[in-house]
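Take a look at the structure below.
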Amino acid sequence: MNIHALTERFPLVQQLIKLEPITWFNPNVTSLSDALPYVGLSQADVADASARLTRFAPYLAKAFPETLDAGGIIESPITSIPQMQAALAERFGQPIAGQLLLKLDSHLPISGSIKARGGIYEVLTHADALALDAGLITEQDDYANLLSDECRAFFAGKRIAVGSTGNLGLSIGIISARLGFDVTVHMSADAREWKKAKLRQHGVTVVEYEQDYGVAVEQGRQAAEADPDCFFIDDENSRTLFLGYAVAGERVKAQFARMGVVVDAEHPLFVYLPCGVGGGPGGVAFGLKLAFGDHVHILFAEPTHSPCMVLGVHTGLHEGIAVQDLGIDNLTAADGLAVGRPSGFVGRAMERLIDGYLTLDDQQMYDLLGLLNHAEGIQLEPSALAGMPGPVRVCADTAYLERMALPPEKMANATHLVWATGGGMVPAQEMAKYLAQAKA
């Protein structure tokens with residue numbers, strides 16, 4: 001690859017190589033109606049995913065008592081963070097127009113991260129297909145029956161594998177083991193030790209690698225290909241994972257309705273999603289676009305050391321280029337975002353629907369983690385803070401706002417939703433280390 005020619009054509013790439021924090025607003029963003037054919041999925045597909053999660057709700061309510069109060073539905077609250085809004089404005093010298101909210105996927109039940117959406121959904125979809133095919137259940141049955149010894153013995157003869165930086169493996173490992181599957185998680189070097197330990201506590205086989213996410217995924221894929229009874233969950237290309245995340249859109253819409261939050265032409269919504277390989281943020285973004293149409297504007301946030309999605313989309317090379325090709329090391333404290341090569345499926349499907357991309361360095365993630373803890377008493381893991389500078393970057397970019405026909409009077413009515421992707425299961429001693437990294 002000729003890096004000089006690439007940087008000549010795409011000057012932004014030179015900034016990525018220098019590890020400079022960037023904000024890039026996509027000039028090719030278009031309407032949902034124009035972009036939908038490129039996604040290859042529809043509202044009906046998301047409705048099918050929602051219906052499957054509803055069928056599994058009785059099972060989840062019994063298998064995981066922490067979901068009982070919600071009737072077996074895995075969902076997180078949205079909370080207002082006005083003190084953080086004021087702290088961000090003061091820190092960056094930029095007022096944030098409208099209101100700032102936080103989506104607490106960091107505290108989702110079962111596995112404490114956004115991966116509790118897609119990862120758990122894909123395992124449930126696989127279990128559903130196997131159980132229906134074996135005649136263990138029908139769609140009209142009470143899915144709590146899957147807790148029976150007969151069903152667990154059946155699943156015990158089947159294997160599941162996944163490659164992960166941490167949180168996806170945690171969600172897939174916990175739900176697979178509870179169903180009875182023999183499950184193996186291939187963990188990259190940047191995965192946190194406490195996540196590996198928690199998986200082993202659930203009876204999950206953890207295979208560790210000294211290399212990054214891409215190697216863990218490839219090794220997991222190869223192991224599964226050699227085993228006809230092994231189902232490999234492919235975070236890079238899975239449409240099932242994507243749909244599990246997409247259900248979040250209709251749920252946020254219902255939450256907003258209960259909260260009295262209006263989203264329309266005069267009340268724009270901005271959502272800021274941390275991005276690793278792209279499956280989680282891509283699926284959530286798709287669901288949000290289906291729920292709110294062109295009134296929602298979405299930005300992906302990545303570490304300066306792992307800017308794979310903005311690199312792939314900006315150059316149009318998608319999975320054809322990795323950050324390592326540019327000499328970027330892909331080493332970041334944001335373990336869930338430590339991905340060098342983006343999902344080509346998500347990049348191509350969503351490139352016309354994502355308004356922009358931003359990057360930030362590890363120290364800023366730690367600093368924002370400390371700021372949020374001080375301002376609101378909310379504790380997250382570093383990667384979950386990646387989207388927090390988003391409202392400041394949006395409100396500061398007058399050219400973007402003018403291009404999108406978002407004058408000050410509309411921005412005064414804006415809602416900014418930062419998606420907190422993980423942190424609810426972080427052990428206290430680990431959280432203390434994170435907070436110690438934050439500069440006052």
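Starting from 1 in every chain, residues are counted up; chains themselves are A, B, ... following the order of the structure tokens, and ligands are numbered from 1 as listed.
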For region 200-202 of chain A: contacts at 12 Å, only C-alpha atoms, fewer than 3 positions along chain excluded, given as a ChimeraX atom specification: /A:110-111,169-185,193-197,205-207
Spatial neighbours of Ala144 (chain A), 12 Å, only C-alpha atoms, chain gap at least 2 places, as a ChimeraX atom specification: /A:54-64,72,136-142,146-149,151-152,179
Quick one: residues within 9 Å of Asp48 (chain A), only C-alpha atoms, excluding same-chain residues fewer than 5 positions away - as a tab-separated table (two decimals) with N, CA and C atoms, in the first residue's frame?
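Final file, result23.tsv:
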```
chain	number	residue	atom	x	y	z
A	43	GLN	N	-37.21	-2.86	8.30
A	43	GLN	CA	-37.98	-2.76	9.54
A	43	GLN	C	-38.55	-4.13	9.93
A	53	LEU	N	-36.97	-11.83	20.93
A	53	LEU	CA	-36.59	-11.44	22.29
A	53	LEU	C	-37.79	-11.50	23.24
A	243	LEU	N	-28.89	-7.07	14.08
A	243	LEU	CA	-30.33	-6.92	14.36
A	243	LEU	C	-30.62	-6.93	15.86
```
All strand (DSSP E or B) residues (DSSP, backbone) inside region 18-266 of chain A, as a VMD selection string: chain A and resid 23 to 25 78 to 80 99 to 104 113 159 to 164 182 to 187 205 to 208 230 to 233 264
What's around region 16-24 of chain A at 8 Å? Count only C-alpha atoms, leave out sequence neighbours fewer than 6 positions away in its own chain, and write the answer as an mmCIF file with C-alpha atoms, in the first residue's frame.
```cif
data_model
loop_
_atom_site.group_PDB
_atom_site.id
_atom_site.type_symbol
_atom_site.label_atom_id
_atom_site.label_comp_id
_atom_site.auth_asym_id
_atom_site.auth_seq_id
_atom_site.Cartn_x
_atom_site.Cartn_y
_atom_site.Cartn_z
ATOM 1 C CA THR A 304 -6.741 7.746 18.260
ATOM 2 C CA HIS A 305 -4.783 4.476 18.350
ATOM 3 C CA PRO A 307 -9.495 4.628 14.297
ATOM 4 C CA LEU A 326 -0.422 3.059 8.551
ATOM 5 C CA GLY A 327 1.949 2.178 11.392
ATOM 6 C CA ILE A 328 -0.702 2.821 14.069
ATOM 7 C CA GLY A 356 -19.659 11.927 11.471
ATOM 8 C CA TYR A 357 -16.733 10.343 13.258
ATOM 9 C CA LEU A 358 -14.503 11.558 16.065
ATOM 10 C CA THR A 359 -11.379 10.295 17.766
ATOM 11 C CA LEU A 360 -9.891 11.011 21.178
ATOM 12 C CA ASP A 361 -6.862 9.804 23.096
ATOM 13 C CA ARG A 393 -17.578 18.773 18.694
#
```
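Nearest to Ser31 (chain A) of all the residues A:Asp294, A:Glu122, A:Glu150, A:Glu210 is A:Asp294, based on only C-alpha atoms.
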Coordinates-based distance that separates CA of Leu101 (chain A) from CA of Met259 (chain A) (Å, one decimal): 11.4 Å
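Residue nearest Leu372 (chain A) within the list A:Gly424, A:Pro82, A:Gly260, A:Gly336: A:Pro82 [criterion: smallest interatomic distance, only C-alpha atoms].
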DSSP helix (DSSP H, G or I) residues within region 27-265 of chain A, as a ChimeraX atom specification: /A:32-39,43-63,65-70,82-92,105-107,115-133,143-147,149-156,167-179,193-201,213-225,239-246,248-259
Non-local contacts of Ala301 (chain A) (7 Å; only C-alpha atoms; under 2 positions in same chain excluded) as a PyMOL selection string: chain A and resi 272-275+299+357-359+386-387
Long-range neighbours of Asn2 (chain A) as a ChimeraX atom specification, 10 Å cut-off, only C-alpha atoms, 4 positions minimum in chain: /A:6-7,325-326
Go ahead and save the picked residues with C-alpha atoms, as a short mmCIF file (atom, residue, chain, number, x, y, z; two decimals), in the first residue's frame.
```cif
data_model
loop_
_atom_site.label_atom_id
_atom_site.label_comp_id
_atom_site.auth_asym_id
_atom_site.auth_seq_id
_atom_site.Cartn_x
_atom_site.Cartn_y
_atom_site.Cartn_z
CA LEU A 6 -3.14 7.71 0.31
CA THR A 7 -2.27 10.74 2.42
CA ASP A 325 -1.06 -0.56 7.58
CA LEU A 326 -0.42 3.06 8.55
#
```
Residue contacts of Leu371 (chain A) (10 Å, only C-alpha atoms) excluding same-chain residues fewer than 4 positions away, as number ranges by chain: A: 83-84, 87-88, 91, 365-367, 375-379, 435, 438-440
For N, CA and C atoms, I'd like the residues from the last selection saved as a PDB file, in the first residue's frame.
```pdb
ATOM      1  N   GLN A  83     -25.247  18.156  35.252  1.00  0.00           N
ATOM      2  CA  GLN A  83     -23.986  18.586  35.846  1.00  0.00           C
ATOM      3  C   GLN A  83     -22.811  18.264  34.922  1.00  0.00           C
ATOM      4  N   MET A  84     -22.899  17.136  34.251  1.00  0.00           N
ATOM      5  CA  MET A  84     -21.856  16.783  33.281  1.00  0.00           C
ATOM      6  C   MET A  84     -21.910  17.725  32.085  1.00  0.00           C
ATOM      7  N   ALA A  87     -20.157  20.731  33.131  1.00  0.00           N
ATOM      8  CA  ALA A  87     -18.724  20.467  33.290  1.00  0.00           C
ATOM      9  C   ALA A  87     -18.020  20.377  31.936  1.00  0.00           C
ATOM     10  N   LEU A  88     -18.675  19.760  30.946  1.00  0.00           N
ATOM     11  CA  LEU A  88     -18.099  19.674  29.605  1.00  0.00           C
ATOM     12  C   LEU A  88     -17.969  21.052  28.973  1.00  0.00           C
ATOM     13  N   ARG A  91     -15.102  22.760  30.624  1.00  0.00           N
ATOM     14  CA  ARG A  91     -13.808  22.145  30.301  1.00  0.00           C
ATOM     15  C   ARG A  91     -13.338  22.513  28.895  1.00  0.00           C
ATOM     16  N   MET A 365     -10.190   9.989  27.607  1.00  0.00           N
ATOM     17  CA  MET A 365     -11.210   9.058  28.086  1.00  0.00           C
ATOM     18  C   MET A 365     -11.141   8.915  29.605  1.00  0.00           C
ATOM     19  N   TYR A 366      -9.924   8.771  30.130  1.00  0.00           N
ATOM     20  CA  TYR A 366      -9.767   8.684  31.587  1.00  0.00           C
ATOM     21  C   TYR A 366     -10.243   9.970  32.265  1.00  0.00           C
ATOM     22  N   ASP A 367      -9.875  11.116  31.688  1.00  0.00           N
ATOM     23  CA  ASP A 367     -10.265  12.390  32.289  1.00  0.00           C
ATOM     24  C   ASP A 367     -11.783  12.551  32.308  1.00  0.00           C
ATOM     25  N   ALA A 375     -19.058  14.657  38.581  1.00  0.00           N
ATOM     26  CA  ALA A 375     -20.238  15.482  38.308  1.00  0.00           C
ATOM     27  C   ALA A 375     -21.543  14.759  38.609  1.00  0.00           C
ATOM     28  N   GLU A 376     -21.602  13.464  38.301  1.00  0.00           N
ATOM     29  CA  GLU A 376     -22.878  12.740  38.382  1.00  0.00           C
ATOM     30  C   GLU A 376     -22.832  11.490  39.250  1.00  0.00           C
ATOM     31  N   GLY A 377     -21.638  11.095  39.713  1.00  0.00           N
ATOM     32  CA  GLY A 377     -21.535   9.867  40.506  1.00  0.00           C
ATOM     33  C   GLY A 377     -21.765   8.615  39.692  1.00  0.00           C
ATOM     34  N   ILE A 378     -21.497   8.683  38.360  1.00  0.00           N
ATOM     35  CA  ILE A 378     -21.672   7.534  37.466  1.00  0.00           C
ATOM     36  C   ILE A 378     -20.299   7.042  37.052  1.00  0.00           C
ATOM     37  N   GLN A 379     -20.071   5.720  37.184  1.00  0.00           N
ATOM     38  CA  GLN A 379     -18.776   5.142  36.865  1.00  0.00           C
ATOM     39  C   GLN A 379     -18.879   4.215  35.656  1.00  0.00           C
ATOM     40  N   LEU A 435     -10.086   5.471  37.800  1.00  0.00           N
ATOM     41  CA  LEU A 435     -10.272   6.816  38.336  1.00  0.00           C
ATOM     42  C   LEU A 435      -8.931   7.463  38.702  1.00  0.00           C
ATOM     43  N   ALA A 438      -7.359   9.482  35.929  1.00  0.00           N
ATOM     44  CA  ALA A 438      -7.985  10.754  35.521  1.00  0.00           C
ATOM     45  C   ALA A 438      -7.238  11.920  36.119  1.00  0.00           C
ATOM     46  N   LYS A 439      -6.983  12.914  35.278  1.00  0.00           N
ATOM     47  CA  LYS A 439      -6.357  14.149  35.766  1.00  0.00           C
ATOM     48  C   LYS A 439      -7.439  15.089  36.278  1.00  0.00           C
ATOM     49  N   ALA A 440      -7.185  15.736  37.378  1.00  0.00           N
ATOM     50  CA  ALA A 440      -8.177  16.632  37.983  1.00  0.00           C
ATOM     51  C   ALA A 440      -8.540  17.742  37.014  1.00  0.00           C
TER      52      ALA A 440
END
```
Given only C-alpha atoms as the counted atoms, nearest of A:Cys230, A:Ala189, A:Ala116, A:Ala334 to Ala384 (chain A): A:Ala334
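You can rank A:Ala5, A:Ala322, A:Val271, A:Ala161 by their closest distance to Pro391 (chain A) using only C-alpha atoms, and at the top of that list sits A:Val271.
Checking A:Ala428, A:Leu269, A:Ala70, A:Leu124 one by one against Met411 (chain A), counting only C-alpha atoms, you find the shortest gap at A:Leu269.
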